[in-house]
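For reference, the structure discussed in these notes is given below.
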There are 2 protein chains.
Amino acid sequence: MSKINLKNLASELELSISTVSKALRDSYEIGHDTKKRVLEKAKELGYRANPYARYMRHHKSKTIAIVIPEMVNSFFLQVINGAESIAREKDYHLLIYITHEDAQKEISIINHLQNGRVDGIIMSLSSTVKDYSHLTECINNNIPIIFFDRICHEIETVKITTDDFTSGFIATEHLIQNGCRNIAYLSISENLSIDNKRMQGYIEALTKYDIGFDKSKIIKCNTDDKSNYRQIKKLLTGPAKIDGIFSSIEKFALTTYNVCRDLKIKIPEEIKIICFSNLLTADFLNPSLTTITQPANEMGATAASQLFKYLDKKRMEIPNENIIIKSKLMARGSTVA
Amino acid sequence: MSKINLKNLASELELSISTVSKALRDSYEIGHDTKKRVLEKAKELGYRANPYARYMRHHKSKTIAIVIPEMVNSFFLQVINGAESIAREKDYHLLIYITHEDAQKEISIINHLQNGRVDGIIMSLSSTVKDYSHLTECINNNIPIIFFDRICHEIETVKITTDDFTSGFIATEHLIQNGCRNIAYLSISENLSIDNKRMQGYIEALTKYDIGFDKSKIIKCNTDDKSNYRQIKKLLTGPAKIDGIFSSIEKFALTTYNVCRDLKIKIPEEIKIICFSNLLTADFLNPSLTTITQPANEMGATAASQLFKYLDKKRMEIPNENIIIKSKLMARGSTVA
DNA sequence: TTTATTTACGAAAACGTAGTAGTTATTTAA
DNA sequence: TTAAATAACTACTACGTTTTCGTAAATAAA
């Protein structure tokens, strides 16, 4: 017997399909002895209820998706880790999709998830997304989306972020307190609210310390590493005499390390660097990298938990809620001598 | 109309369900005008075929699982990246499961995947797994498993690895050629064939250069970081005068960096370190880390491609095949002055 | 003893899709 | 003019579960 299903089981036990089904679900309608017999046979034959047939009855896929912009990023992998733990705990399954920071891919992925394949989505926006109609459509189709980190303010739902404004402020203040006066901000994308908030924090700190905000010190990086390298190189060789860099994400900080090495600029003596990052090797870098470390694992776990909270309910009515989990400044060698 | 399905569509168009279904699949039985009308209405109402109902007809879930021992590891995340790309390309969906190096979790996960939820699995063994019955059972249940990196020799299937023996040999030879004579090997688990092969390569290199093999220089690490730290500390403060470390995985190398820092042992002057790793920051570490870099992305993509190759076929008959993709030695500061 | 209730089971329908087997109406061949 | 072929559509079934409804037998209440 290749595929063992209720029908096979029933005929093997000389019972009806309904009886077997009920016995397996421990229904009060079935006698004790019969239940025992069914359970034993099911175990013997290795019966496992087919999840897709089950879906047909309840319209619950017991599956959620996590949609992230990129894989090679210590933040996202920790988020996945957190989300996967909660999913397994709740007996849910986790599908993974990577947008590669491509709006088209994100749209395509979200569209493909609106056919009942998943009960809900946790995601972080791609940096190139400007229009949110694919997301609102998805939610209107009763597939809830919970955002983490790169959230979408325009959509009413649960959003999990860190305290980006405050962290941006603290990061910049840290540079200032360590002697920087010409601080550049490496921006990931003006489309993203986290970027704006981190930058607002940066500007606020500059203001507090009476340092003029100079728009030319906002470097708009993108997904092209080489172009970022050139931009940063230009910045550091330019007239601005940059002595501090606050990077919105870790990738740009590493590119900055690269540029500094090539230009023989000494960190932290000539320039200090701080960035948002969850790199486990931050402490071992040369010099060790000062980071704003986000509670990535917790954010992933929270996103998943929040989603399940609403999936369990009959009528899904996801409130607009901002859950903020604080980041930590980890001062290291790239900012402190 | 909340959920739009074939039935709704049909009644909206005043056609039968079969006609609509056939029109959508571009059947020759349906007239040109009708097809057009159906397509337009389907688009207008945003019809999307339910994947689970589809499964009921074809018994194809269009879903595969990737099962990995841990998330926070640059190798596995690149593998996922590669696998996800191929999956999307083929219009498949990728479920992710993390065993956390726990045999019980691995067994539980594999058991849960034998109910038709996935068409196939790509996986890397957990280090604590000694018995393979859950895997053979899974394959007997017609769910093919393709292994990558931490493969299972005892099971006949496609296995994707790097040239572990040769790489182990080259790594050790590299240490020897840079002056090491007392080389320790940090073993991940004697259960894993990659560990044995890497170690065999290590032993072979020692033999070639007439360096006696000393069993006490094989350090059996595990999943407990603190215990590993203690073991390595003991090794480096012991009488063996270790001047070279070959670590089977990157985590132990980083622990060694930690130990060296705490003991003020200079890398590479007093001790040289090489390890299998895909760390993107290897170049920025202090000192930069010499690695055997595996083609992780390619391994993930190959694993997925191979799986799809057999899933497409009617009768799945997966041959026993070893696909070996070569690693590269990246000599850096931890072994070269 | 008769009627009501409980116990333990089975028949059948439904979920959404896709394919098989009809069924008209129209066109072509004999 | 009739038979055969084709075009364009529909009815119905199956996939594996779960659940509603039904029913017979056993037990309890009247």
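In the structure tokens, the first chain shown is A, the next is B, and so on; residue numbers restart at 1 for each chain, and ligands run from 1 in the order shown.
Those residues that approach Arg181 in chain B to within 8 Å, counting only C-alpha atoms (C1' of nucleotides), are Ile176, Gly179, Ile183, Ile211, Ile242, Asp243 and Gly244 of chain B; same-chain residues fewer than 2 positions away are not listed.
Using only C-alpha atoms (C1' of nucleotides), the chain C residues found within 12 Å of chain B amount to DC15, DG16, DT17, DA18, DG19 and DT20 of chain C.
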If you count only C-alpha atoms (C1' of nucleotides), which residues fall within 12 Å of Asp26 in chain A, apart from same-chain ones fewer than 6 positions away, as a PyMOL selection string?
chain A and resi 19-20+32-36+38-39
Using DSSP assignments from the backbone, pull out every residue in range 145-323 of chain B that falls under alpha helix (DSSP H) and give it to me as a PyMOL selection string.
chain B and resi 164-177+193-208+225-237+250-263+296-311
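Those residues of chain A that fall within 6 Å of chain B when using only C-alpha atoms read A:Arg48, A:Asn50, A:Tyr52, A:Leu94, A:Leu95, A:Ile96, A:Asn115, A:Phe284, A:Leu285, A:Asn286.
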Using only C-alpha atoms (C1' of nucleotides), which chain D residues lie at most 12 Å away from chain B, written as a PyMOL selection string?
chain D and resi 6-17
Please identify all polymer residues within 12 Å of DT28 in chain C, counting only C-alpha atoms (C1' of nucleotides), omitting same-chain residues fewer than 3 positions from it, and present them as an MDAnalysis selection string.
chainID D and resid 3:6
Ile139 in chain B environment, 12 Å, only C-alpha atoms (C1' of nucleotides), sequence neighbours closer than 3 positions dropped, as a PDB file with all heavy atoms, in the first residue's frame:
ATOM      1  N   SER A   2       0.935   1.895  -1.120  1.00  0.00           N
ATOM      2  CA  SER A   2       1.865   3.020  -1.200  1.00  0.00           C
ATOM      3  C   SER A   2       1.375   4.205  -0.372  1.00  0.00           C
ATOM      4  O   SER A   2       1.976   4.556   0.634  1.00  0.00           O
ATOM      5  CB  SER A   2       2.060   3.432  -2.654  1.00  0.00           C
ATOM      6  OG  SER A   2       0.815   3.793  -3.233  1.00  0.00           O
TER       7      SER A   2
ATOM      8  N   ILE B 110      11.145  15.676   9.736  1.00  0.00           N
ATOM      9  CA  ILE B 110      11.040  14.751   8.603  1.00  0.00           C
ATOM     10  C   ILE B 110       9.726  13.974   8.665  1.00  0.00           C
ATOM     11  O   ILE B 110       9.045  13.777   7.658  1.00  0.00           O
ATOM     12  CB  ILE B 110      12.248  13.781   8.584  1.00  0.00           C
ATOM     13  CG1 ILE B 110      13.549  14.555   8.344  1.00  0.00           C
ATOM     14  CG2 ILE B 110      12.064  12.708   7.510  1.00  0.00           C
ATOM     15  CD1 ILE B 110      13.657  15.224   7.012  1.00  0.00           C
ATOM     16  N   ASN B 111       9.356  13.557   9.851  1.00  0.00           N
ATOM     17  CA  ASN B 111       8.090  12.843   9.995  1.00  0.00           C
ATOM     18  C   ASN B 111       6.901  13.697   9.563  1.00  0.00           C
ATOM     19  O   ASN B 111       5.976  13.206   8.918  1.00  0.00           O
ATOM     20  CB  ASN B 111       7.892  12.384  11.441  1.00  0.00           C
ATOM     21  CG  ASN B 111       8.726  11.160  11.754  1.00  0.00           C
ATOM     22  OD1 ASN B 111       9.169  10.458  10.840  1.00  0.00           O
ATOM     23  ND2 ASN B 111       8.954  10.900  13.023  1.00  0.00           N
ATOM     24  N   LEU B 113       6.827  15.786   7.359  1.00  0.00           N
ATOM     25  CA  LEU B 113       6.850  16.111   5.920  1.00  0.00           C
ATOM     26  C   LEU B 113       6.424  14.933   5.058  1.00  0.00           C
ATOM     27  O   LEU B 113       6.461  15.003   3.844  1.00  0.00           O
ATOM     28  CB  LEU B 113       8.256  16.573   5.522  1.00  0.00           C
ATOM     29  CG  LEU B 113       8.659  17.950   6.053  1.00  0.00           C
ATOM     30  CD1 LEU B 113      10.094  18.275   5.666  1.00  0.00           C
ATOM     31  CD2 LEU B 113       7.718  19.021   5.531  1.00  0.00           C
ATOM     32  N   GLN B 114       6.023  13.855   5.715  1.00  0.00           N
ATOM     33  CA  GLN B 114       5.690  12.656   4.950  1.00  0.00           C
ATOM     34  C   GLN B 114       4.209  12.511   4.669  1.00  0.00           C
ATOM     35  O   GLN B 114       3.710  11.422   4.443  1.00  0.00           O
ATOM     36  CB  GLN B 114       6.199  11.418   5.690  1.00  0.00           C
ATOM     37  CG  GLN B 114       7.708  11.336   5.692  1.00  0.00           C
ATOM     38  CD  GLN B 114       8.198  10.151   6.449  1.00  0.00           C
ATOM     39  OE1 GLN B 114       7.807   9.027   6.176  1.00  0.00           O
ATOM     40  NE2 GLN B 114       9.044  10.380   7.431  1.00  0.00           N
ATOM     41  N   ASP B 119       6.906  17.865  -2.101  1.00  0.00           N
ATOM     42  CA  ASP B 119       7.215  16.895  -3.148  1.00  0.00           C
ATOM     43  C   ASP B 119       8.617  16.329  -2.985  1.00  0.00           C
ATOM     44  O   ASP B 119       8.935  15.285  -3.552  1.00  0.00           O
ATOM     45  CB  ASP B 119       7.101  17.562  -4.522  1.00  0.00           C
ATOM     46  CG  ASP B 119       5.687  18.040  -4.799  1.00  0.00           C
ATOM     47  OD1 ASP B 119       4.760  17.502  -4.181  1.00  0.00           O
ATOM     48  OD2 ASP B 119       5.519  18.951  -5.635  1.00  0.00           O
ATOM     49  N   GLY B 120       9.430  17.056  -2.227  1.00  0.00           N
ATOM     50  CA  GLY B 120      10.796  16.595  -2.042  1.00  0.00           C
ATOM     51  C   GLY B 120      11.510  17.453  -1.025  1.00  0.00           C
ATOM     52  O   GLY B 120      11.008  18.493  -0.619  1.00  0.00           O
ATOM     53  N   ILE B 121      12.673  16.971  -0.621  1.00  0.00           N
ATOM     54  CA  ILE B 121      13.416  17.646   0.448  1.00  0.00           C
ATOM     55  C   ILE B 121      14.878  17.777   0.056  1.00  0.00           C
ATOM     56  O   ILE B 121      15.446  16.850  -0.517  1.00  0.00           O
ATOM     57  CB  ILE B 121      13.315  16.819   1.758  1.00  0.00           C
ATOM     58  CG1 ILE B 121      11.861  16.679   2.207  1.00  0.00           C
ATOM     59  CG2 ILE B 121      14.171  17.433   2.861  1.00  0.00           C
ATOM     60  CD1 ILE B 121      11.653  15.692   3.348  1.00  0.00           C
ATOM     61  N   ILE B 122      15.448  18.931   0.343  1.00  0.00           N
ATOM     62  CA  ILE B 122      16.905  19.019   0.277  1.00  0.00           C
ATOM     63  C   ILE B 122      17.374  19.295   1.697  1.00  0.00           C
ATOM     64  O   ILE B 122      16.760  20.077   2.408  1.00  0.00           O
ATOM     65  CB  ILE B 122      17.409  20.101  -0.704  1.00  0.00           C
ATOM     66  CG1 ILE B 122      16.897  21.489  -0.358  1.00  0.00           C
ATOM     67  CG2 ILE B 122      16.977  19.788  -2.129  1.00  0.00           C
ATOM     68  CD1 ILE B 122      17.341  22.557  -1.326  1.00  0.00           C
ATOM     69  N   TYR B 132      19.462   6.627  10.716  1.00  0.00           N
ATOM     70  CA  TYR B 132      18.897   7.261   9.522  1.00  0.00           C
ATOM     71  C   TYR B 132      17.514   6.736   9.155  1.00  0.00           C
ATOM     72  O   TYR B 132      17.040   6.962   8.055  1.00  0.00           O
ATOM     73  CB  TYR B 132      19.842   7.083   8.343  1.00  0.00           C
ATOM     74  CG  TYR B 132      21.235   7.596   8.624  1.00  0.00           C
ATOM     75  CD1 TYR B 132      22.336   6.768   8.481  1.00  0.00           C
ATOM     76  CD2 TYR B 132      21.430   8.905   9.049  1.00  0.00           C
ATOM     77  CE1 TYR B 132      23.618   7.239   8.751  1.00  0.00           C
ATOM     78  CE2 TYR B 132      22.703   9.382   9.329  1.00  0.00           C
ATOM     79  CZ  TYR B 132      23.788   8.545   9.187  1.00  0.00           C
ATOM     80  OH  TYR B 132      25.036   9.015   9.455  1.00  0.00           O
ATOM     81  N   SER B 133      16.877   6.021  10.064  1.00  0.00           N
ATOM     82  CA  SER B 133      15.619   5.368   9.698  1.00  0.00           C
ATOM     83  C   SER B 133      14.532   6.374   9.314  1.00  0.00           C
ATOM     84  O   SER B 133      13.709   6.088   8.448  1.00  0.00           O
ATOM     85  CB  SER B 133      15.137   4.468  10.829  1.00  0.00           C
ATOM     86  OG  SER B 133      15.043   5.200  12.031  1.00  0.00           O
ATOM     87  N   HIS B 134      14.539   7.543   9.940  1.00  0.00           N
ATOM     88  CA  HIS B 134      13.526   8.538   9.563  1.00  0.00           C
ATOM     89  C   HIS B 134      13.721   8.977   8.118  1.00  0.00           C
ATOM     90  O   HIS B 134      12.757   9.283   7.421  1.00  0.00           O
ATOM     91  CB  HIS B 134      13.556   9.738  10.511  1.00  0.00           C
ATOM     92  CG  HIS B 134      14.869  10.446  10.604  1.00  0.00           C
ATOM     93  ND1 HIS B 134      16.015   9.833  11.056  1.00  0.00           N
ATOM     94  CD2 HIS B 134      15.226  11.714  10.298  1.00  0.00           C
ATOM     95  CE1 HIS B 134      17.022  10.707  11.035  1.00  0.00           C
ATOM     96  NE2 HIS B 134      16.562  11.849  10.577  1.00  0.00           N
ATOM     97  N   LEU B 135      14.960   8.967   7.675  1.00  0.00           N
ATOM     98  CA  LEU B 135      15.243   9.407   6.302  1.00  0.00           C
ATOM     99  C   LEU B 135      14.905   8.325   5.278  1.00  0.00           C
ATOM    100  O   LEU B 135      14.289   8.601   4.251  1.00  0.00           O
ATOM    101  CB  LEU B 135      16.714   9.799   6.197  1.00  0.00           C
ATOM    102  CG  LEU B 135      17.143  10.890   7.198  1.00  0.00           C
ATOM    103  CD1 LEU B 135      18.653  11.063   7.207  1.00  0.00           C
ATOM    104  CD2 LEU B 135      16.460  12.206   6.868  1.00  0.00           C
ATOM    105  N   THR B 136      15.264   7.090   5.607  1.00  0.00           N
ATOM    106  CA  THR B 136      14.936   6.003   4.680  1.00  0.00           C
ATOM    107  C   THR B 136      13.423   5.830   4.590  1.00  0.00           C
ATOM    108  O   THR B 136      12.885   5.626   3.508  1.00  0.00           O
ATOM    109  CB  THR B 136      15.581   4.676   5.137  1.00  0.00           C
ATOM    110  OG1 THR B 136      15.248   4.463   6.507  1.00  0.00           O
ATOM    111  CG2 THR B 136      17.082   4.728   5.011  1.00  0.00           C
ATOM    112  N   ASN B 142       8.171   7.738  -0.799  1.00  0.00           N
ATOM    113  CA  ASN B 142       8.184   8.456  -2.076  1.00  0.00           C
ATOM    114  C   ASN B 142       8.406   9.965  -1.975  1.00  0.00           C
ATOM    115  O   ASN B 142       8.033  10.711  -2.871  1.00  0.00           O
ATOM    116  CB  ASN B 142       6.897   8.194  -2.855  1.00  0.00           C
ATOM    117  CG  ASN B 142       7.063   6.997  -3.762  1.00  0.00           C
ATOM    118  OD1 ASN B 142       8.014   6.941  -4.529  1.00  0.00           O
ATOM    119  ND2 ASN B 142       6.174   6.042  -3.645  1.00  0.00           N
ATOM    120  N   ILE B 143       8.993  10.385  -0.879  1.00  0.00           N
ATOM    121  CA  ILE B 143       9.420  11.779  -0.781  1.00  0.00           C
ATOM    122  C   ILE B 143      10.927  11.770  -0.933  1.00  0.00           C
ATOM    123  O   ILE B 143      11.650  11.383  -0.005  1.00  0.00           O
ATOM    124  CB  ILE B 143       9.067  12.407   0.576  1.00  0.00           C
ATOM    125  CG1 ILE B 143       7.674  12.014   1.004  1.00  0.00           C
ATOM    126  CG2 ILE B 143       9.307  13.911   0.556  1.00  0.00           C
ATOM    127  CD1 ILE B 143       6.625  13.027   0.837  1.00  0.00           C
ATOM    128  N   PRO B 144      11.414  12.159  -2.088  1.00  0.00           N
ATOM    129  CA  PRO B 144      12.857  12.100  -2.306  1.00  0.00           C
ATOM    130  C   PRO B 144      13.604  13.108  -1.440  1.00  0.00           C
ATOM    131  O   PRO B 144      13.106  14.191  -1.153  1.00  0.00           O
ATOM    132  CB  PRO B 144      13.001  12.438  -3.791  1.00  0.00           C
ATOM    133  CG  PRO B 144      11.769  13.181  -4.141  1.00  0.00           C
ATOM    134  CD  PRO B 144      10.692  12.662  -3.256  1.00  0.00           C
ATOM    135  N   ILE B 145      14.775  12.721  -1.016  1.00  0.00           N
ATOM    136  CA  ILE B 145      15.641  13.618  -0.247  1.00  0.00           C
ATOM    137  C   ILE B 145      16.963  13.738  -0.987  1.00  0.00           C
ATOM    138  O   ILE B 145      17.544  12.735  -1.402  1.00  0.00           O
ATOM    139  CB  ILE B 145      15.922  13.077   1.165  1.00  0.00           C
ATOM    140  CG1 ILE B 145      14.620  12.846   1.936  1.00  0.00           C
ATOM    141  CG2 ILE B 145      16.818  14.041   1.939  1.00  0.00           C
ATOM    142  CD1 ILE B 145      14.831  12.290   3.336  1.00  0.00           C
ATOM    143  N   ILE B 146      17.389  14.954  -1.176  1.00  0.00           N
ATOM    144  CA  ILE B 146      18.708  15.175  -1.756  1.00  0.00           C
ATOM    145  C   ILE B 146      19.556  15.861  -0.698  1.00  0.00           C
ATOM    146  O   ILE B 146      19.118  16.824  -0.067  1.00  0.00           O
ATOM    147  CB  ILE B 146      18.585  16.009  -3.051  1.00  0.00           C
ATOM    148  CG1 ILE B 146      18.078  15.087  -4.162  1.00  0.00           C
ATOM    149  CG2 ILE B 146      19.912  16.662  -3.420  1.00  0.00           C
ATOM    150  CD1 ILE B 146      17.999  15.715  -5.508  1.00  0.00           C
ATOM    151  N   ILE B 155      22.436   6.283   2.396  1.00  0.00           N
ATOM    152  CA  ILE B 155      21.199   6.352   1.635  1.00  0.00           C
ATOM    153  C   ILE B 155      21.503   6.605   0.169  1.00  0.00           C
ATOM    154  O   ILE B 155      22.307   7.470  -0.168  1.00  0.00           O
ATOM    155  CB  ILE B 155      20.301   7.463   2.214  1.00  0.00           C
ATOM    156  CG1 ILE B 155      19.869   7.061   3.637  1.00  0.00           C
ATOM    157  CG2 ILE B 155      19.076   7.699   1.331  1.00  0.00           C
ATOM    158  CD1 ILE B 155      19.026   8.100   4.327  1.00  0.00           C
ATOM    159  N   GLU B 156      20.860   5.846  -0.685  1.00  0.00           N
ATOM    160  CA  GLU B 156      21.088   6.002  -2.123  1.00  0.00           C
ATOM    161  C   GLU B 156      20.275   7.159  -2.660  1.00  0.00           C
ATOM    162  O   GLU B 156      19.063   7.079  -2.776  1.00  0.00           O
ATOM    163  CB  GLU B 156      20.688   4.720  -2.864  1.00  0.00           C
ATOM    164  CG  GLU B 156      21.715   3.634  -2.736  1.00  0.00           C
ATOM    165  CD  GLU B 156      21.451   2.509  -3.726  1.00  0.00           C
ATOM    166  OE1 GLU B 156      20.809   2.773  -4.771  1.00  0.00           O
ATOM    167  OE2 GLU B 156      21.867   1.378  -3.429  1.00  0.00           O
ATOM    168  N   THR B 157      20.951   8.214  -2.989  1.00  0.00           N
ATOM    169  CA  THR B 157      20.277   9.375  -3.569  1.00  0.00           C
ATOM    170  C   THR B 157      21.347  10.294  -4.142  1.00  0.00           C
ATOM    171  O   THR B 157      22.526   9.948  -4.172  1.00  0.00           O
ATOM    172  CB  THR B 157      19.412  10.113  -2.519  1.00  0.00           C
ATOM    173  OG1 THR B 157      18.736  11.197  -3.145  1.00  0.00           O
ATOM    174  CG2 THR B 157      20.272  10.658  -1.391  1.00  0.00           C
ATOM    175  N   MET B 316       9.590   8.386 -10.086  1.00  0.00           N
ATOM    176  CA  MET B 316      10.819   8.894  -9.499  1.00  0.00           C
ATOM    177  C   MET B 316      11.771   7.768  -9.165  1.00  0.00           C
ATOM    178  O   MET B 316      11.467   6.885  -8.383  1.00  0.00           O
ATOM    179  CB  MET B 316      10.492   9.707  -8.263  1.00  0.00           C
ATOM    180  CG  MET B 316      10.542  11.195  -8.548  1.00  0.00           C
ATOM    181  SD  MET B 316      10.098  12.118  -7.137  1.00  0.00           S
ATOM    182  CE  MET B 316       8.486  11.445  -6.779  1.00  0.00           C
ATOM    183  N   GLU B 317      12.908   7.838  -9.751  1.00  0.00           N
ATOM    184  CA  GLU B 317      13.911   6.812  -9.518  1.00  0.00           C
ATOM    185  C   GLU B 317      15.214   7.569  -9.374  1.00  0.00           C
ATOM    186  O   GLU B 317      15.913   7.831 -10.340  1.00  0.00           O
ATOM    187  CB  GLU B 317      13.934   5.866 -10.725  1.00  0.00           C
ATOM    188  CG  GLU B 317      14.583   4.546 -10.451  1.00  0.00           C
ATOM    189  CD  GLU B 317      13.920   3.785  -9.304  1.00  0.00           C
ATOM    190  OE1 GLU B 317      12.733   3.431  -9.393  1.00  0.00           O
ATOM    191  OE2 GLU B 317      14.627   3.544  -8.317  1.00  0.00           O
ATOM    192  N   ILE B 318      15.504   7.959  -8.155  1.00  0.00           N
ATOM    193  CA  ILE B 318      16.676   8.804  -7.950  1.00  0.00           C
ATOM    194  C   ILE B 318      17.925   7.945  -7.832  1.00  0.00           C
ATOM    195  O   ILE B 318      17.990   7.051  -6.997  1.00  0.00           O
ATOM    196  CB  ILE B 318      16.489   9.681  -6.687  1.00  0.00           C
ATOM    197  CG1 ILE B 318      15.253  10.562  -6.885  1.00  0.00           C
ATOM    198  CG2 ILE B 318      17.730  10.514  -6.433  1.00  0.00           C
ATOM    199  CD1 ILE B 318      15.274  11.835  -6.153  1.00  0.00           C
TER     200      ILE B 318
END
Nearby residues (only C-alpha atoms (C1' of nucleotides)) at most 10 Å from DA30 in chain D, same-chain spacing under 6 positions excluded, as a ChimeraX atom specification:
/C:2-4
Which neighbours of Ser126 in chain A fall inside 6 Å, counting only C-alpha atoms (C1' of nucleotides), when residues of the same chain fewer than 3 positions from it are skipped, and could you give them as a PyMOL selection string?
chain A and resi 69+101+129
Residues from the last selection, all heavy atoms, saved as a PDB file, in the first residue's frame:
ATOM      1  N   PRO A  69      13.913  41.083   1.817  1.00  0.00           N
ATOM      2  CA  PRO A  69      14.568  41.676   0.651  1.00  0.00           C
ATOM      3  C   PRO A  69      15.877  41.005   0.259  1.00  0.00           C
ATOM      4  O   PRO A  69      16.231  40.990  -0.903  1.00  0.00           O
ATOM      5  CB  PRO A  69      14.806  43.125   1.060  1.00  0.00           C
ATOM      6  CG  PRO A  69      14.644  43.170   2.527  1.00  0.00           C
ATOM      7  CD  PRO A  69      13.875  41.986   2.962  1.00  0.00           C
ATOM      8  N   GLU A 101      15.496  42.863  -3.240  1.00  0.00           N
ATOM      9  CA  GLU A 101      15.301  44.330  -3.306  1.00  0.00           C
ATOM     10  C   GLU A 101      14.627  44.771  -4.602  1.00  0.00           C
ATOM     11  O   GLU A 101      14.752  45.914  -5.017  1.00  0.00           O
ATOM     12  CB  GLU A 101      16.645  45.076  -3.160  1.00  0.00           C
ATOM     13  CG  GLU A 101      17.433  44.788  -1.896  1.00  0.00           C
ATOM     14  CD  GLU A 101      16.924  45.552  -0.681  1.00  0.00           C
ATOM     15  OE1 GLU A 101      15.788  46.042  -0.717  1.00  0.00           O
ATOM     16  OE2 GLU A 101      17.690  45.636   0.304  1.00  0.00           O
ATOM     17  N   VAL A 129      10.424  49.458  -3.579  1.00  0.00           N
ATOM     18  CA  VAL A 129       8.965  49.515  -3.675  1.00  0.00           C
ATOM     19  C   VAL A 129       8.448  50.919  -3.360  1.00  0.00           C
ATOM     20  O   VAL A 129       8.801  51.494  -2.339  1.00  0.00           O
ATOM     21  CB  VAL A 129       8.317  48.495  -2.722  1.00  0.00           C
ATOM     22  CG1 VAL A 129       6.869  48.826  -2.478  1.00  0.00           C
ATOM     23  CG2 VAL A 129       8.448  47.100  -3.290  1.00  0.00           C
TER      24      VAL A 129
END
From a backbone DSSP assignment, name each residue in range 63-299 of chain B labelled strand (DSSP E), as a PyMOL selection string.
chain B and resi 63-68+93-98+120-123+145-148+158-161+183-187+218-220+244-247+272-276+290-293
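Among A:Gly333, A:Asn322, A:Ala83, A:Lys43, the residue with the shortest atom-to-atom distance to His153 in chain A, counting only C-alpha atoms, is A:Asn322.
The space separating CA of Arg37 in chain B from CA of Cys138 in chain A comes to 24.8 Å.
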